[in-house]
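Visitor: I'd like to ask some things about the structure below.
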Amino acid sequence: MTQTVTPTTHADIRPLWRWTAALILPIGPAAIALLRYFLPYNTTDDVPTIVDKIVGDLGRSSLVLWFGYIGFLTLVPAVYFVGRLTRRSTPWLTAVALFLLIPGYLSLPWTASSDVFTWSAGTAGLDPASIAKAADITHGSMNVAGFVFVIGHVFGTILLGLAMWRSHVGPRWGAIAVIVSQPIHFVAAIILGSHTLDLIGWGLQAAGFAAVGWAIIRMRDDEWQPLP
């Protein structure tokens, strides 16, 4: 007896996959750009000053925490999607960039945990002096996370922008925007204490990633992911 095998047809989800990637790309950097702009304190402030500024404007601080949560969810997928394209032409440069970026972004929630604690304690009505005393005592892992985040996201973003330039992923201006974005952020956050310049820095990364997203939308499905 001969059995007839009917081929199984699977839905092609590559268009959905492309559009998902394109839409996610700019969200994370844009969310952090807004976070840095609305942040009620400066990065270089001491702990008592940070606590006073967070507790003094709990509504604004809550908005900042929401922007942070959005960024935490989308930054790693964003750099993965960019790296998915740049690795075809610059595999080693992309690998080093992602090796720095992904641990850096994954460390970001740990570094922000003190802000969550301060907001919660302030909302509960605790006095700022007690909050500052507790917030000033940090676990060693938070210091390591801060170091991994700073080194990872600054140098990793520069390398990823160089990978975009060398692999011709997106327009040239998009690669330049990504390359200069985090040096601008570093100057804004550490040297000048300018929230507006910080918004510009992270905004440039969002614009560069949006340019990659537009390039992904315009790709043919086989360019995005060839069928086996």
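Order determines the names: the first chain of the structure tokens is A, the second B, and so forth; residues in each chain are numbered 1 upward, and ligands are numbered 1 upward as they are shown.
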Would you give me, as a Markdown table, each residue of range 176-201 of chain A having an atom within 12 Å of an atom of range 21-29 of chain A, along with its shortest atom pair and that distance in Å to one decimal, using only C-alpha atoms and sorting by chain and residue number?
Guide:
| residue | atom | partner | partner_atom | distance |
| --- | --- | --- | --- | --- |
| A:Val178 | CA | A:Pro29 | CA | 10.3 |
| A:Ser181 | CA | A:Pro29 | CA | 10.0 |
| A:Gln182 | CA | A:Pro29 | CA | 10.6 |
| A:His185 | CA | A:Pro29 | CA | 11.5 |
| A:Asp198 | CA | A:Pro29 | CA | 11.3 |
| A:Leu199 | CA | A:Pro29 | CA | 9.8 |
| A:Ile200 | CA | A:Pro29 | CA | 10.7 |
| A:Gly201 | CA | A:Pro29 | CA | 9.4 |
Visitor: Limited to all heavy atoms, could you put the picked residues into a file as a PDB file, in the first residue's frame?
Guide:
ATOM      1  N   VAL A 178      24.994  57.403  15.155  1.00  0.00           N
ATOM      2  CA  VAL A 178      25.197  56.400  16.198  1.00  0.00           C
ATOM      3  C   VAL A 178      26.602  56.517  16.790  1.00  0.00           C
ATOM      4  O   VAL A 178      26.784  56.430  18.012  1.00  0.00           O
ATOM      5  CB  VAL A 178      24.951  54.984  15.633  1.00  0.00           C
ATOM      6  CG1 VAL A 178      25.360  53.913  16.648  1.00  0.00           C
ATOM      7  CG2 VAL A 178      23.478  54.807  15.262  1.00  0.00           C
ATOM      8  N   SER A 181      26.785  59.571  19.143  1.00  0.00           N
ATOM      9  CA  SER A 181      25.700  59.725  20.127  1.00  0.00           C
ATOM     10  C   SER A 181      26.180  59.566  21.563  1.00  0.00           C
ATOM     11  O   SER A 181      25.863  60.400  22.429  1.00  0.00           O
ATOM     12  CB  SER A 181      24.573  58.728  19.828  1.00  0.00           C
ATOM     13  OG  SER A 181      25.037  57.379  19.966  1.00  0.00           O
ATOM     14  N   GLN A 182      26.922  58.499  21.840  1.00  0.00           N
ATOM     15  CA  GLN A 182      27.296  58.249  23.234  1.00  0.00           C
ATOM     16  C   GLN A 182      28.455  59.103  23.735  1.00  0.00           C
ATOM     17  O   GLN A 182      28.480  59.451  24.923  1.00  0.00           O
ATOM     18  CB  GLN A 182      27.558  56.757  23.444  1.00  0.00           C
ATOM     19  CG  GLN A 182      26.303  55.908  23.316  1.00  0.00           C
ATOM     20  CD  GLN A 182      25.145  56.442  24.137  1.00  0.00           C
ATOM     21  OE1 GLN A 182      25.270  56.670  25.340  1.00  0.00           O
ATOM     22  NE2 GLN A 182      24.004  56.649  23.495  1.00  0.00           N
ATOM     23  N   HIS A 185      26.564  61.997  24.855  1.00  0.00           N
ATOM     24  CA  HIS A 185      25.905  61.679  26.137  1.00  0.00           C
ATOM     25  C   HIS A 185      26.897  61.747  27.287  1.00  0.00           C
ATOM     26  O   HIS A 185      26.583  62.295  28.356  1.00  0.00           O
ATOM     27  CB  HIS A 185      25.287  60.283  26.049  1.00  0.00           C
ATOM     28  CG  HIS A 185      25.131  59.610  27.378  1.00  0.00           C
ATOM     29  ND1 HIS A 185      24.272  60.058  28.357  1.00  0.00           N
ATOM     30  CD2 HIS A 185      25.753  58.507  27.903  1.00  0.00           C
ATOM     31  CE1 HIS A 185      24.350  59.271  29.416  1.00  0.00           C
ATOM     32  NE2 HIS A 185      25.246  58.337  29.168  1.00  0.00           N
ATOM     33  N   ASP A 198      22.081  65.909  26.515  1.00  0.00           N
ATOM     34  CA  ASP A 198      21.897  64.470  26.702  1.00  0.00           C
ATOM     35  C   ASP A 198      20.740  63.964  25.831  1.00  0.00           C
ATOM     36  O   ASP A 198      20.811  62.880  25.233  1.00  0.00           O
ATOM     37  CB  ASP A 198      21.611  64.175  28.171  1.00  0.00           C
ATOM     38  CG  ASP A 198      22.280  62.902  28.650  1.00  0.00           C
ATOM     39  OD1 ASP A 198      22.743  62.124  27.803  1.00  0.00           O
ATOM     40  OD2 ASP A 198      22.342  62.700  29.871  1.00  0.00           O
ATOM     41  N   LEU A 199      19.670  64.758  25.776  1.00  0.00           N
ATOM     42  CA  LEU A 199      18.550  64.420  24.893  1.00  0.00           C
ATOM     43  C   LEU A 199      19.006  64.326  23.445  1.00  0.00           C
ATOM     44  O   LEU A 199      18.617  63.407  22.708  1.00  0.00           O
ATOM     45  CB  LEU A 199      17.458  65.486  25.029  1.00  0.00           C
ATOM     46  CG  LEU A 199      16.269  65.396  24.068  1.00  0.00           C
ATOM     47  CD1 LEU A 199      15.390  64.192  24.409  1.00  0.00           C
ATOM     48  CD2 LEU A 199      15.440  66.685  24.121  1.00  0.00           C
ATOM     49  N   ILE A 200      19.876  65.239  23.029  1.00  0.00           N
ATOM     50  CA  ILE A 200      20.396  65.234  21.658  1.00  0.00           C
ATOM     51  C   ILE A 200      21.249  63.992  21.417  1.00  0.00           C
ATOM     52  O   ILE A 200      21.140  63.333  20.378  1.00  0.00           O
ATOM     53  CB  ILE A 200      21.197  66.513  21.384  1.00  0.00           C
ATOM     54  CG1 ILE A 200      20.276  67.737  21.394  1.00  0.00           C
ATOM     55  CG2 ILE A 200      21.953  66.423  20.056  1.00  0.00           C
ATOM     56  CD1 ILE A 200      21.009  69.056  21.344  1.00  0.00           C
ATOM     57  N   GLY A 201      22.110  63.656  22.388  1.00  0.00           N
ATOM     58  CA  GLY A 201      22.994  62.505  22.229  1.00  0.00           C
ATOM     59  C   GLY A 201      22.231  61.207  22.026  1.00  0.00           C
ATOM     60  O   GLY A 201      22.421  60.501  21.027  1.00  0.00           O
TER      61      GLY A 201
END
Visitor: For range 159-173 of chain A, please output as a PyMOL selection string all residues within 12 Å (counting only C-alpha atoms; exclusion window: fewer than 2 positions along the same chain).
Guide: chain A and resi 22+78-102+151-157+175-183+204-205+207-219+224
Visitor: Rounded to one decimal, what separation in Å do you get between CA of Ala33 in chain A and CA of Asp57 in chain A?
Guide: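 Separating CA of Ala33 in chain A from CA of Asp57 in chain A is a distance of 19.2 Å.
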Visitor: Please provide as a PDB file with N, CA and C atoms, in the first residue's frame all residues within 12 Å of Pro226 in chain A, with the sequence filter that same-chain residues fewer than 4 positions apart are discarded (counting only C-alpha atoms).
Guide:
ATOM      1  N   ASP A  12       4.607  32.499   5.831  1.00  0.00           N
ATOM      2  CA  ASP A  12       5.850  33.253   5.765  1.00  0.00           C
ATOM      3  C   ASP A  12       5.725  34.464   6.709  1.00  0.00           C
ATOM      4  N   ARG A  14       8.226  36.406   7.602  1.00  0.00           N
ATOM      5  CA  ARG A  14       9.347  37.339   7.453  1.00  0.00           C
ATOM      6  C   ARG A  14       8.905  38.803   7.357  1.00  0.00           C
ATOM      7  N   MET A 219      13.713  46.416   2.605  1.00  0.00           N
ATOM      8  CA  MET A 219      14.362  45.185   2.147  1.00  0.00           C
ATOM      9  C   MET A 219      13.357  44.199   1.584  1.00  0.00           C
ATOM     10  N   ARG A 220      13.834  43.380   0.660  1.00  0.00           N
ATOM     11  CA  ARG A 220      13.052  42.218   0.258  1.00  0.00           C
ATOM     12  C   ARG A 220      13.173  41.162   1.352  1.00  0.00           C
ATOM     13  N   ASP A 221      12.188  40.301   1.437  1.00  0.00           N
ATOM     14  CA  ASP A 221      12.207  39.272   2.482  1.00  0.00           C
ATOM     15  C   ASP A 221      13.450  38.396   2.382  1.00  0.00           C
ATOM     16  N   ASP A 222      13.893  38.075   1.165  1.00  0.00           N
ATOM     17  CA  ASP A 222      15.072  37.226   0.998  1.00  0.00           C
ATOM     18  C   ASP A 222      16.355  37.938   1.413  1.00  0.00           C
TER      19      ASP A 222
END
Visitor: Just the residues within 9 Å of Ala132 in chain A, please, counting only C-alpha atoms, with nothing from its chain fewer than 2 positions along; format it as number ranges by chain.
Guide: A: 47-52, 118, 127-130, 134-137
Visitor: Just write the chosen residues, N, CA and C atoms, as a PDB file, in the first residue's frame.
Guide:
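Just written: part_22.pdb:
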ATOM      1  N   VAL A  47      24.505  61.835  46.796  1.00  0.00           N
ATOM      2  CA  VAL A  47      23.313  61.059  47.147  1.00  0.00           C
ATOM      3  C   VAL A  47      22.240  61.897  47.829  1.00  0.00           C
ATOM      4  N   PRO A  48      22.549  62.716  48.853  1.00  0.00           N
ATOM      5  CA  PRO A  48      21.488  63.516  49.485  1.00  0.00           C
ATOM      6  C   PRO A  48      20.785  64.453  48.497  1.00  0.00           C
ATOM      7  N   THR A  49      21.552  65.026  47.554  1.00  0.00           N
ATOM      8  CA  THR A  49      20.948  65.920  46.562  1.00  0.00           C
ATOM      9  C   THR A  49      20.038  65.143  45.625  1.00  0.00           C
ATOM     10  N   ILE A  50      20.477  63.969  45.201  1.00  0.00           N
ATOM     11  CA  ILE A  50      19.661  63.134  44.313  1.00  0.00           C
ATOM     12  C   ILE A  50      18.350  62.767  45.003  1.00  0.00           C
ATOM     13  N   VAL A  51      18.459  62.353  46.262  1.00  0.00           N
ATOM     14  CA  VAL A  51      17.255  61.972  47.019  1.00  0.00           C
ATOM     15  C   VAL A  51      16.309  63.151  47.142  1.00  0.00           C
ATOM     16  N   ASP A  52      16.830  64.314  47.484  1.00  0.00           N
ATOM     17  CA  ASP A  52      15.980  65.502  47.632  1.00  0.00           C
ATOM     18  C   ASP A  52      15.255  65.828  46.331  1.00  0.00           C
ATOM     19  N   THR A 118      14.367  54.908  46.005  1.00  0.00           N
ATOM     20  CA  THR A 118      14.172  56.273  46.497  1.00  0.00           C
ATOM     21  C   THR A 118      12.751  56.755  46.218  1.00  0.00           C
ATOM     22  N   ASP A 127      11.396  60.203  55.528  1.00  0.00           N
ATOM     23  CA  ASP A 127      12.102  61.485  55.436  1.00  0.00           C
ATOM     24  C   ASP A 127      13.346  61.336  54.558  1.00  0.00           C
ATOM     25  N   PRO A 128      13.697  62.368  53.789  1.00  0.00           N
ATOM     26  CA  PRO A 128      14.815  62.296  52.850  1.00  0.00           C
ATOM     27  C   PRO A 128      16.140  61.923  53.494  1.00  0.00           C
ATOM     28  N   ALA A 129      16.390  62.363  54.721  1.00  0.00           N
ATOM     29  CA  ALA A 129      17.661  62.040  55.368  1.00  0.00           C
ATOM     30  C   ALA A 129      17.815  60.530  55.567  1.00  0.00           C
ATOM     31  N   SER A 130      16.729  59.865  56.000  1.00  0.00           N
ATOM     32  CA  SER A 130      16.776  58.408  56.195  1.00  0.00           C
ATOM     33  C   SER A 130      16.922  57.687  54.865  1.00  0.00           C
ATOM     34  N   ALA A 134      20.109  55.212  53.609  1.00  0.00           N
ATOM     35  CA  ALA A 134      19.970  53.847  53.080  1.00  0.00           C
ATOM     36  C   ALA A 134      20.470  53.750  51.647  1.00  0.00           C
ATOM     37  N   ALA A 135      20.143  54.760  50.830  1.00  0.00           N
ATOM     38  CA  ALA A 135      20.535  54.720  49.417  1.00  0.00           C
ATOM     39  C   ALA A 135      22.036  54.824  49.233  1.00  0.00           C
ATOM     40  N   ASP A 136      22.715  55.401  50.191  1.00  0.00           N
ATOM     41  CA  ASP A 136      24.166  55.585  50.094  1.00  0.00           C
ATOM     42  C   ASP A 136      24.925  54.292  50.338  1.00  0.00           C
ATOM     43  N   ILE A 137      24.229  53.295  50.880  1.00  0.00           N
ATOM     44  CA  ILE A 137      24.858  51.992  51.121  1.00  0.00           C
ATOM     45  C   ILE A 137      24.479  51.070  49.960  1.00  0.00           C
TER      46      ILE A 137
END
Visitor: What does the distance between CA of Trp66 in chain A and CA of Ala188 in chain A come to in Å, to one decimal place?
Guide: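 Going from CA of Trp66 in chain A over to CA of Ala188 in chain A, I get 21.8 Å.
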Visitor: Can you list every residue in range 73-208 of chain A that DSSP puts in alpha helix (DSSP H), as a PyMOL selection string?
Guide: chain A and resi 73-86+91-111+113-123+128-135+140-167+172-186+195-208
Visitor: Given the choices A:Thr123, A:Ser194, A:Ser113, A:Ser107, which gets closest to Val150 in chain A if the distance is worked out from only C-alpha atoms?
Guide: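 Of A:Thr123, A:Ser194, A:Ser113, A:Ser107, the one nearest Val150 in chain A is A:Ser107, counting only C-alpha atoms.
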Visitor: Between A:Ser62, A:Thr111, A:Thr20, A:Asn42, which residue has the minimum interatomic distance to Leu192 in chain A, considering only C-alpha atoms?
Guide: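 Checking each of A:Ser62, A:Thr111, A:Thr20, A:Asn42 against Leu192 in chain A, counting only C-alpha atoms, the winner is A:Asn42.
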Visitor: With only C-alpha atoms as the atoms that count, which of A:Leu34, A:Trp17, A:Asp115, A:Pro77 lies nearest to Ser61 in chain A?
Guide: A:Asp115
Visitor: To one decimal place, how far is CA of Leu39 in chain A from CA of Ile131 in chain A in Å?
Guide: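 These atoms are spaced 18.4 Å apart.
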Visitor: Counting only C-alpha atoms, which of A:Ala206, A:Val64, A:Ile191, A:Met142 gets nearest to Val116 in chain A?
Guide: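 Closest candidate: A:Val64.
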